[in-house]
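For reference, work_34.txt is printed below; it contains compact mmCIF, C-alpha atoms.
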```txt
# COMPACT_ATOMS: atom_id res chain seq x y z
CA MET A 278 2.03 17.17 -13.22
CA THR A 279 0.51 15.32 -16.15
CA THR A 280 1.93 13.46 -19.07
CA ARG A 281 0.50 11.48 -21.92
CA GLY A 282 1.33 8.25 -23.60
CA VAL A 283 0.09 5.30 -25.59
CA LEU A 284 -0.85 1.76 -24.67
CA TYR A 285 -0.17 -0.66 -27.51
CA VAL A 286 -1.79 -4.05 -27.00
CA HIS A 287 0.01 -6.00 -29.72
CA SER A 288 -1.78 -9.30 -29.21
CA ALA A 289 -4.39 -10.62 -26.82
CA PRO A 290 -6.72 -13.62 -27.04
CA ARG A 291 -10.33 -12.51 -27.48
CA ALA A 292 -11.31 -13.70 -24.00
CA LEU A 293 -8.64 -11.46 -22.45
CA CYS A 294 -9.75 -8.26 -24.22
CA PRO A 295 -12.44 -7.21 -21.68
CA HIS A 296 -10.00 -7.89 -18.83
CA VAL A 297 -7.47 -5.56 -20.45
CA GLU A 298 -10.15 -2.85 -20.67
CA TRP A 299 -11.09 -3.35 -17.00
CA ALA A 300 -7.45 -3.14 -15.93
CA VAL A 301 -6.88 0.07 -17.89
CA ALA A 302 -10.10 1.56 -16.55
CA GLY A 303 -9.02 0.70 -13.01
CA VAL A 304 -5.77 2.63 -13.46
CA LEU A 305 -7.31 5.63 -15.24
CA GLY A 306 -10.43 5.81 -13.11
CA VAL A 307 -12.80 6.08 -16.07
CA ARG A 308 -14.69 3.61 -18.23
CA VAL A 309 -12.55 2.40 -21.12
CA GLN A 310 -13.65 0.71 -24.33
CA LEU A 311 -10.80 -0.13 -26.68
CA ASP A 312 -11.21 -0.51 -30.43
CA TRP A 313 -10.07 -4.09 -31.07
CA ILE A 314 -8.97 -5.29 -34.49
CA ARG A 315 -7.58 -8.66 -35.57
CA GLN A 316 -3.84 -9.13 -35.24
CA PRO A 317 -2.64 -10.66 -38.52
CA ALA A 318 0.77 -11.51 -37.06
CA ALA A 319 -0.87 -13.98 -34.63
CA PRO A 320 -4.14 -15.39 -35.94
CA GLY A 321 -6.77 -15.70 -33.26
CA THR A 322 -5.51 -12.67 -31.35
CA TRP A 323 -6.57 -9.02 -31.28
CA ARG A 324 -4.77 -5.72 -31.03
CA SER A 325 -5.58 -2.19 -29.95
CA GLU A 326 -3.93 1.18 -29.42
CA PHE A 327 -5.07 3.64 -26.81
CA SER A 328 -3.72 7.12 -26.11
CA TRP A 329 -4.03 8.35 -22.56
CA GLN A 330 -3.30 11.40 -20.46
CA GLY A 331 -2.71 11.24 -16.72
CA ARG A 332 -0.37 11.78 -13.82
CA VAL A 333 3.33 10.99 -14.03
CA GLY A 334 3.60 7.30 -13.14
CA THR A 335 0.49 6.24 -15.07
CA ALA A 336 2.59 4.22 -17.55
CA SER A 337 4.07 2.25 -14.67
CA GLN A 338 0.62 1.60 -13.22
CA LEU A 339 -0.71 0.44 -16.59
CA ALA A 340 2.25 -1.92 -17.11
CA SER A 341 1.81 -3.32 -13.61
CA ALA A 342 -1.91 -3.88 -14.14
CA LEU A 343 -1.29 -5.81 -17.38
CA ARG A 344 1.91 -7.71 -16.64
CA GLY A 345 0.39 -10.80 -15.07
CA TRP A 346 -1.21 -12.24 -18.22
CA ASP A 347 1.06 -14.70 -20.02
CA LEU A 348 -0.75 -14.51 -23.37
CA LEU A 349 -0.54 -10.72 -23.67
CA ARG A 350 1.99 -8.72 -25.69
CA PHE A 351 1.95 -5.00 -24.99
CA GLU A 352 3.90 -1.77 -24.73
CA VAL A 353 3.14 1.34 -22.70
CA THR A 354 4.89 4.64 -23.34
CA SER A 355 4.79 7.99 -21.61
CA GLU A 356 6.24 11.25 -22.85
CA PRO A 357 8.77 13.24 -20.85
CA CYS A 358 7.42 16.29 -19.02
CA ALA A 359 8.81 19.04 -16.81
CA THR A 360 9.16 16.76 -13.78
CA ALA A 361 9.94 13.35 -15.29
CA GLU A 362 11.71 11.58 -18.12
CA GLY A 363 9.66 9.49 -20.52
CA GLU A 364 9.23 5.76 -20.11
CA ARG A 365 8.66 2.65 -22.16
CA TYR A 366 7.45 -0.70 -20.90
CA SER A 367 7.46 -3.72 -23.20
CA SER A 368 6.08 -7.13 -22.32
CA THR A 369 6.03 -10.48 -24.08
CA PRO A 370 4.96 -13.92 -22.83
CA GLY A 371 8.45 -15.36 -23.16
CA LEU A 372 10.57 -12.45 -21.98
CA GLY A 373 8.44 -10.81 -19.32
CA ILE A 374 8.57 -7.05 -18.86
CA PHE A 375 11.23 -4.55 -19.91
CA HIS A 376 11.42 -0.97 -18.64
CA ALA A 377 13.45 1.88 -20.08
CA VAL A 378 13.71 5.57 -19.37
CA THR A 379 13.40 7.62 -22.56
CA GLY A 380 14.58 11.08 -23.46
CA LEU A 381 12.90 13.91 -25.29
CA HIS A 382 13.31 12.24 -28.70
CA GLY A 383 12.42 8.72 -27.59
CA ASP A 384 15.98 7.49 -27.15
CA ILE A 385 16.58 4.98 -24.36
CA LEU A 386 18.63 6.47 -21.53
CA VAL A 387 20.71 3.87 -19.70
CA PRO A 388 21.80 4.86 -16.18
CA GLU A 389 25.54 4.77 -15.64
CA ASP A 390 25.33 2.25 -12.77
CA ARG A 391 23.63 -0.26 -15.09
CA LEU A 392 26.36 0.30 -17.71
CA ARG A 393 29.08 -0.13 -15.06
CA ALA A 394 27.46 -3.37 -13.84
CA ALA A 395 27.23 -4.72 -17.41
CA LEU A 396 30.87 -3.85 -18.04
CA ALA A 397 31.94 -5.48 -14.76
CA ARG A 398 30.08 -8.73 -15.59
CA SER A 399 31.73 -8.73 -19.00
CA VAL A 400 35.23 -8.15 -17.58
CA ARG A 401 34.72 -11.01 -15.10
CA GLY A 402 33.77 -13.26 -18.02
CA GLU A 403 30.20 -13.76 -16.74
CA SER A 404 28.64 -12.40 -19.92
CA ASP A 405 29.28 -10.89 -23.31
CA LEU A 406 29.32 -7.06 -23.36
CA GLU A 407 27.37 -6.90 -26.62
CA ALA A 408 24.62 -9.10 -25.15
CA GLU A 409 24.56 -6.99 -21.98
CA ILE A 410 24.13 -3.75 -23.94
CA SER A 411 21.54 -5.37 -26.18
CA SER A 412 19.53 -6.31 -23.10
CA LEU A 413 19.89 -2.83 -21.58
CA LEU A 414 18.43 -1.38 -24.78
CA GLY A 415 15.56 -3.89 -24.88
CA LYS A 416 16.64 -5.49 -28.15
CA PRO A 417 15.19 -8.94 -27.34
CA TRP A 418 11.78 -7.32 -26.74
CA ASP A 419 12.07 -5.18 -29.87
CA ASP A 420 12.99 -8.25 -31.92
CA GLU A 421 9.94 -10.17 -30.71
CA LEU A 422 7.49 -7.26 -30.96
CA GLU A 423 8.59 -5.84 -34.33
CA THR A 424 6.34 -8.14 -36.37
CA PHE A 425 3.37 -7.18 -34.19
CA ARG A 426 4.15 -3.46 -34.50
CA HIS A 427 4.17 -3.57 -38.30
CA ALA A 428 0.98 -5.59 -38.39
CA GLY A 429 -0.72 -2.70 -36.60
CA GLU A 430 0.23 0.10 -38.99
CA GLY A 431 -2.81 2.15 -39.82
CA ALA A 432 -4.73 0.98 -36.74
CA PRO A 433 -7.05 3.57 -35.18
CA VAL A 434 -5.93 5.41 -32.05
CA ARG A 435 -8.39 6.86 -29.52
CA TRP A 436 -7.37 9.71 -27.20
CA LEU A 437 -8.55 9.76 -23.60
CA HIS A 438 -8.08 12.88 -21.51
CA GLN A 439 -8.06 12.22 -17.79
CA VAL A 440 -8.88 15.08 -15.47
CA VAL A 441 -6.35 15.22 -12.67
```
Write the structure described by the file as structure tokens, please.
Amino acid sequence: MTTRGVLYVHSAPRALCPHVEWAVAGVLGVRVQLDWIRQPAAPGTWRSEFSWQGRVGTASQLASALRGWDLLRFEVTSEPCATAEGERYSSTPGLGIFHAVTGLHGDILVPEDRLRAALARSVRGESDLEAEISSLLGKPWDDELETFRHAGEGAPVRWLHQVV
């Protein structure tokens, strides 16, 4: 079963750009050349968007291949298909990586066991319920990445079709 998605590299130092391309190529199994443009939200960094098509699980593989670089901000999405929900991975240098399952319309779907655990921590006084839910929805990542997302409006997107 195949799905498709988008890799958003929100900011990367110039020296890291070819390494990002190599990592993506390694996951997709084809040569990849991203269209890099300057990222105005972080002078000295570059951004790119890349649409992909591949097997279910490709988004996870892309996020895993990119997650080790501290100076990289990125998101990877995959659309839901007949055999799997959609996914979104967000990563920032300060927060690390966030993963969410997404529904047909892009809404984050929070598993009930994670909600129960958040509620239990709140009831025990270990945390604030609002902060727990905010974290489950990825709000800290959204807050940090929002400036970078807007700075990329109008950026070119290249489609890659992977034969599976």
ask   = Skipping near chain neighbours, those fewer than 5 positions away, what residues fall within 6 Å of Arg324 (chain A) using all atoms listed in the file, listed as a PyMOL selection string?
value = chain A and resi 286-288+313-314+316
Taking C-alpha atoms for each residue, export the selection above as a PDB file, in the coordinates of the input.
```pdb
ATOM      1  CA  VAL A 286      -1.790  -4.050 -27.000  1.00  0.00           C
ATOM      2  CA  HIS A 287       0.010  -6.000 -29.720  1.00  0.00           C
ATOM      3  CA  SER A 288      -1.780  -9.300 -29.210  1.00  0.00           C
ATOM      4  CA  TRP A 313     -10.070  -4.090 -31.070  1.00  0.00           C
ATOM      5  CA  ILE A 314      -8.970  -5.290 -34.490  1.00  0.00           C
ATOM      6  CA  GLN A 316      -3.840  -9.130 -35.240  1.00  0.00           C
TER       7      GLN A 316
END
```
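Using all atoms listed in the file, the smallest distance between any of A:Gln338, A:Gly345, A:Arg393, A:Asp419 and His296 (chain A) comes from A:Gly345.
Computed from the coordinates, the CA of Ser411 (chain A) to CA of Thr354 (chain A) distance equals 19.6 Å.
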note = Across A:Cys294, A:Ala361, A:Val400, A:Ile385, the smallest distance to Leu413 (chain A), with all atoms listed in the file counted, is shown by A:Ile385
Give me, as a PDB file with C-alpha atoms, keeping the file's coordinate frame, all polymer residues having an atom no more than 12 Å from Gly363 (chain A), counting only C-alpha atoms and skipping those fewer than 6 positions away in the same chain.
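This went into part11.pdb:
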```
ATOM      1  CA  THR A 279       0.510  15.320 -16.150  1.00  0.00           C
ATOM      2  CA  THR A 280       1.930  13.460 -19.070  1.00  0.00           C
ATOM      3  CA  ARG A 281       0.500  11.480 -21.920  1.00  0.00           C
ATOM      4  CA  GLY A 282       1.330   8.250 -23.600  1.00  0.00           C
ATOM      5  CA  VAL A 283       0.090   5.300 -25.590  1.00  0.00           C
ATOM      6  CA  VAL A 333       3.330  10.990 -14.030  1.00  0.00           C
ATOM      7  CA  GLY A 334       3.600   7.300 -13.140  1.00  0.00           C
ATOM      8  CA  THR A 335       0.490   6.240 -15.070  1.00  0.00           C
ATOM      9  CA  ALA A 336       2.590   4.220 -17.550  1.00  0.00           C
ATOM     10  CA  SER A 337       4.070   2.250 -14.670  1.00  0.00           C
ATOM     11  CA  VAL A 353       3.140   1.340 -22.700  1.00  0.00           C
ATOM     12  CA  THR A 354       4.890   4.640 -23.340  1.00  0.00           C
ATOM     13  CA  SER A 355       4.790   7.990 -21.610  1.00  0.00           C
ATOM     14  CA  GLU A 356       6.240  11.250 -22.850  1.00  0.00           C
ATOM     15  CA  PRO A 357       8.770  13.240 -20.850  1.00  0.00           C
ATOM     16  CA  HIS A 376      11.420  -0.970 -18.640  1.00  0.00           C
ATOM     17  CA  ALA A 377      13.450   1.880 -20.080  1.00  0.00           C
ATOM     18  CA  VAL A 378      13.710   5.570 -19.370  1.00  0.00           C
ATOM     19  CA  THR A 379      13.400   7.620 -22.560  1.00  0.00           C
ATOM     20  CA  GLY A 380      14.580  11.080 -23.460  1.00  0.00           C
ATOM     21  CA  LEU A 381      12.900  13.910 -25.290  1.00  0.00           C
ATOM     22  CA  HIS A 382      13.310  12.240 -28.700  1.00  0.00           C
ATOM     23  CA  GLY A 383      12.420   8.720 -27.590  1.00  0.00           C
ATOM     24  CA  ASP A 384      15.980   7.490 -27.150  1.00  0.00           C
ATOM     25  CA  ILE A 385      16.580   4.980 -24.360  1.00  0.00           C
ATOM     26  CA  LEU A 386      18.630   6.470 -21.530  1.00  0.00           C
TER      27      LEU A 386
END
```
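Candidate residues A:Cys358, A:Arg401, A:Phe375, A:Trp323 were compared for distance to Arg344 (chain A), and the nearest is A:Phe375, using all atoms listed in the file.
When all atoms listed in the file are used to compute distances to Leu305 (chain A), the closest of the residues A:Phe327, A:Trp346, A:Gly321, A:Tyr366 turns out to be A:Phe327.
Proximity to Ala340 (chain A) was assessed for A:Gln310, A:Pro317, A:Leu422, A:Gly373 counting only C-alpha atoms; the smallest distance is recorded for A:Gly373.
The space between CA of Ser404 (chain A) and CA of Lys416 (chain A) spans 16.1 Å.
Residues near the point (10.0, -12.9, -20.6), at a distance of 12 Å or less over only C-alpha atoms, make up A:Arg344, A:Gly345, A:Trp346, A:Asp347, A:Leu348, A:Leu349, A:Arg350, A:Ser367, A:Ser368, A:Thr369, A:Pro370, A:Gly371, A:Leu372, A:Gly373, A:Ile374, A:Phe375, A:Ser412, A:Gly415, A:Pro417, A:Trp418, A:Glu421.
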inquiry  = Please compute the CA of Ala342 (chain A)-CA of Val297 (chain A) distance, one decimal, in Å.
reply    = 8.6 Å
Since the input lacks some atoms of region 356-375 of chain A, please model N, CA, C and O atoms and print them as a compact mmCIF listing (two decimals), in the frame of the given file.
```txt
# COMPACT_ATOMS: atom_id res chain seq x y z
N GLU A 356 5.36 10.19 -22.37
CA GLU A 356 6.24 11.25 -22.85
C GLU A 356 6.93 11.93 -21.67
O GLU A 356 6.38 11.99 -20.57
N PRO A 357 8.12 12.47 -21.91
CA PRO A 357 8.77 13.24 -20.85
C PRO A 357 7.97 14.52 -20.58
O PRO A 357 7.27 15.02 -21.46
N CYS A 358 8.07 15.02 -19.37
CA CYS A 358 7.42 16.29 -19.02
C CYS A 358 8.39 17.07 -18.14
O CYS A 358 9.53 16.67 -17.94
N ALA A 359 7.93 18.17 -17.59
CA ALA A 359 8.81 19.04 -16.81
C ALA A 359 9.39 18.36 -15.58
O ALA A 359 10.47 18.74 -15.12
N THR A 360 8.70 17.38 -15.02
CA THR A 360 9.16 16.76 -13.78
C THR A 360 9.64 15.32 -13.94
O THR A 360 10.06 14.71 -12.95
N ALA A 361 9.56 14.76 -15.14
CA ALA A 361 9.94 13.35 -15.29
C ALA A 361 10.39 13.05 -16.71
O ALA A 361 9.90 13.65 -17.67
N GLU A 362 11.31 12.09 -16.81
CA GLU A 362 11.71 11.58 -18.12
C GLU A 362 10.56 10.75 -18.67
O GLU A 362 9.63 10.39 -17.96
N GLY A 363 10.63 10.39 -19.94
CA GLY A 363 9.66 9.49 -20.52
C GLY A 363 9.97 8.06 -20.11
O GLY A 363 11.02 7.78 -19.54
N GLU A 364 9.04 7.16 -20.44
CA GLU A 364 9.23 5.76 -20.11
C GLU A 364 8.68 4.89 -21.22
O GLU A 364 7.79 5.30 -21.96
N ARG A 365 9.22 3.68 -21.27
CA ARG A 365 8.66 2.65 -22.16
C ARG A 365 8.70 1.33 -21.43
O ARG A 365 9.73 0.94 -20.87
N TYR A 366 7.57 0.65 -21.44
CA TYR A 366 7.45 -0.70 -20.90
C TYR A 366 7.08 -1.60 -22.05
O TYR A 366 6.18 -1.28 -22.82
N SER A 367 7.77 -2.72 -22.18
CA SER A 367 7.46 -3.72 -23.20
C SER A 367 7.29 -5.06 -22.50
O SER A 367 8.05 -5.37 -21.58
N SER A 368 6.32 -5.84 -22.95
CA SER A 368 6.08 -7.13 -22.32
C SER A 368 5.72 -8.18 -23.37
O SER A 368 4.93 -7.91 -24.28
N THR A 369 6.33 -9.34 -23.22
CA THR A 369 6.03 -10.48 -24.08
C THR A 369 5.87 -11.71 -23.19
O THR A 369 6.43 -11.75 -22.08
N PRO A 370 5.13 -12.71 -23.66
CA PRO A 370 4.96 -13.92 -22.83
C PRO A 370 6.28 -14.60 -22.47
O PRO A 370 6.46 -15.06 -21.35
N GLY A 371 7.20 -14.65 -23.40
CA GLY A 371 8.45 -15.36 -23.16
C GLY A 371 9.51 -14.58 -22.41
O GLY A 371 10.33 -15.15 -21.70
N LEU A 372 9.51 -13.26 -22.56
CA LEU A 372 10.57 -12.45 -21.98
C LEU A 372 10.17 -11.72 -20.70
O LEU A 372 11.02 -11.24 -19.97
N GLY A 373 8.88 -11.59 -20.47
CA GLY A 373 8.44 -10.81 -19.32
C GLY A 373 8.43 -9.33 -19.66
O GLY A 373 8.22 -8.94 -20.82
N ILE A 374 8.70 -8.50 -18.66
CA ILE A 374 8.57 -7.05 -18.86
C ILE A 374 9.94 -6.38 -18.91
O ILE A 374 10.88 -6.79 -18.23
N PHE A 375 10.03 -5.37 -19.75
CA PHE A 375 11.23 -4.55 -19.91
C PHE A 375 10.84 -3.10 -19.64
O PHE A 375 9.78 -2.65 -20.08
```
